[in-house]
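Q: Shown below is the structure under consideration.
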Amino acid sequence: EAAAAAALASSDYEDAAKHVTSALASVRAAGEAIDAPARSRVEAAHSRVLSAVRARLADALAAGALGPVCRFSRLVAILGEEAEARSTLAAFCHRQVDAAAEPTPSEQDQPVLSTVPMRMARLLRATAEAVAGVAAVLADQPADEALCGQL
């Protein structure tokens with residue numbers, strides 16, 4: 001608990017997640033051998049780390065930053081909320097790819113067919129970046145900002 005709190009205080013979310021998931025696994029494996037107050041402390045530490053990671057994920061989603069969204073989605077999954085992480089990351093990627101297909105303000109006044117190549121290039125780039133980010137999460141690797149980029 002103390003190690004997770006220290007990691008959280010220094011914004012080392014990966015280390016905090018590692019500590020609380022390890023502690024929680026130990027408590028669950030020990031079953032009745034762990035007293036209720038100790039179990040409650042570990043569960044509370046897990047909840048604090050998960051809450052902090054969710055807050056950073058919300059910030060990354062609001063900023064539209066693929067690298068941090070990948071990073072914090074992966075941490076949400078590590079902390080035991082795989083379905084939440086998967087749906088959040090999928091929805092984010094879908095929104096980014098959809099947005100890439102839309103005409104930019106400068107393309108609004110141009111004939112539709114003349115903007116197709118630029119729109120397709122943006123769409124393909126956004127799709128490739130989303131796939132790279134998701135692949136990094138699935139491989140349980142930190143999402144590389146250089147690889148994922150900013151959509």
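To be explicit about the labels: the chains of the structure tokens are called A, B, and onward in the order shown, and within each one the residues are counted from 1, while ligands get numbers from 1 in the order they are shown.
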Would you kindly return, as a list in words, each protein, DNA or RNA residue with an atom no farther than 12 Å from any atom of Ala6 (chain A), considering only C-alpha atoms and excluding same-chain residues fewer than 2 positions away?

A: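 Selected residues are Glu1, Ala2, Ala3, Ala4, Leu8, Ala9, Ser10, Ser11, Asp12, Tyr13, Glu14, Asp15, Ala16, Ala17, His19, Val20, Ala45 and Val49 of chain A.
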
Q: Skip Thr104 (chain A) itself and residues of its chain fewer than 4 positions away, then list as a ChimeraX atom specification all residues within 10 Å of it, counting only C-alpha atoms.

A: /A:99-100,108-109,115,118-119

Q: Nearest to Ala62 (chain A): which of A:Arg95, A:Val76, A:Pro103, A:Arg125 is it, counting only C-alpha atoms?

A: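 Among the listed residues, A:Arg95 lies closest to Ala62 (chain A).
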
Q: With DSSP run on the backbone, what are the helix (DSSP H, G or I) residues within region 101-145 of chain A? I'd like them as a PyMOL selection string.

A: chain A and resi 101+105-107+112-138+145

Q: Give me, as a list in words, all polymer residues having an atom no more than 10 Å from Ser22 (chain A), counting only C-alpha atoms and skipping those fewer than 5 positions away in the same chain.

A: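 So the residues in contact are Ala16, Ala17, Val27, Arg28, Val42, His46 and Leu79 of chain A.
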
Q: Take the residues from that selection and put them in a file with C-alpha atoms, as a CSV table (one decimal), in the first residue's frame.

A:
chain,number,residue,atom,x,y,z
A,16,ALA,CA,1.4,2.1,-8.6
A,17,ALA,CA,-0.7,-0.3,-10.7
A,27,VAL,CA,-4.7,-10.9,-0.5
A,28,ARG,CA,-7.1,-12.8,-2.7
A,42,VAL,CA,-5.4,-3.2,0.0
A,46,HIS,CA,-6.5,-0.4,-5.5
A,79,LEU,CA,-6.1,-2.9,-12.8

Q: If we count only C-alpha atoms, what is near Asp98 (chain A) at a cut-off of 12 Å, once residues fewer than 3 positions away on the same chain are taken out, given as a list of chain:residue names?

A: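 Contacts, in chain order: A:Ala91, A:Phe92, A:Cys93, A:His94, A:Arg95, A:Ala101, A:Glu102, A:Pro103, A:Arg119, A:Met120, A:Arg122, A:Leu123, A:Leu124, A:Arg125, A:Ala126, A:Thr127, A:Ala130, A:Leu151.
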
Q: CA of Gly67 (chain A) and CA of Val131 (chain A), how far apart in Å?

A: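 Calculated distance between CA of Val131 (chain A) and CA of Gly67 (chain A) is 11.8 Å.
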
Q: Rounded to one decimal in Å, what is the spacing between CA of Glu81 (chain A) and CA of Gly64 (chain A)?

A: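 CA of Gly64 (chain A) lies 21.3 Å from CA of Glu81 (chain A).
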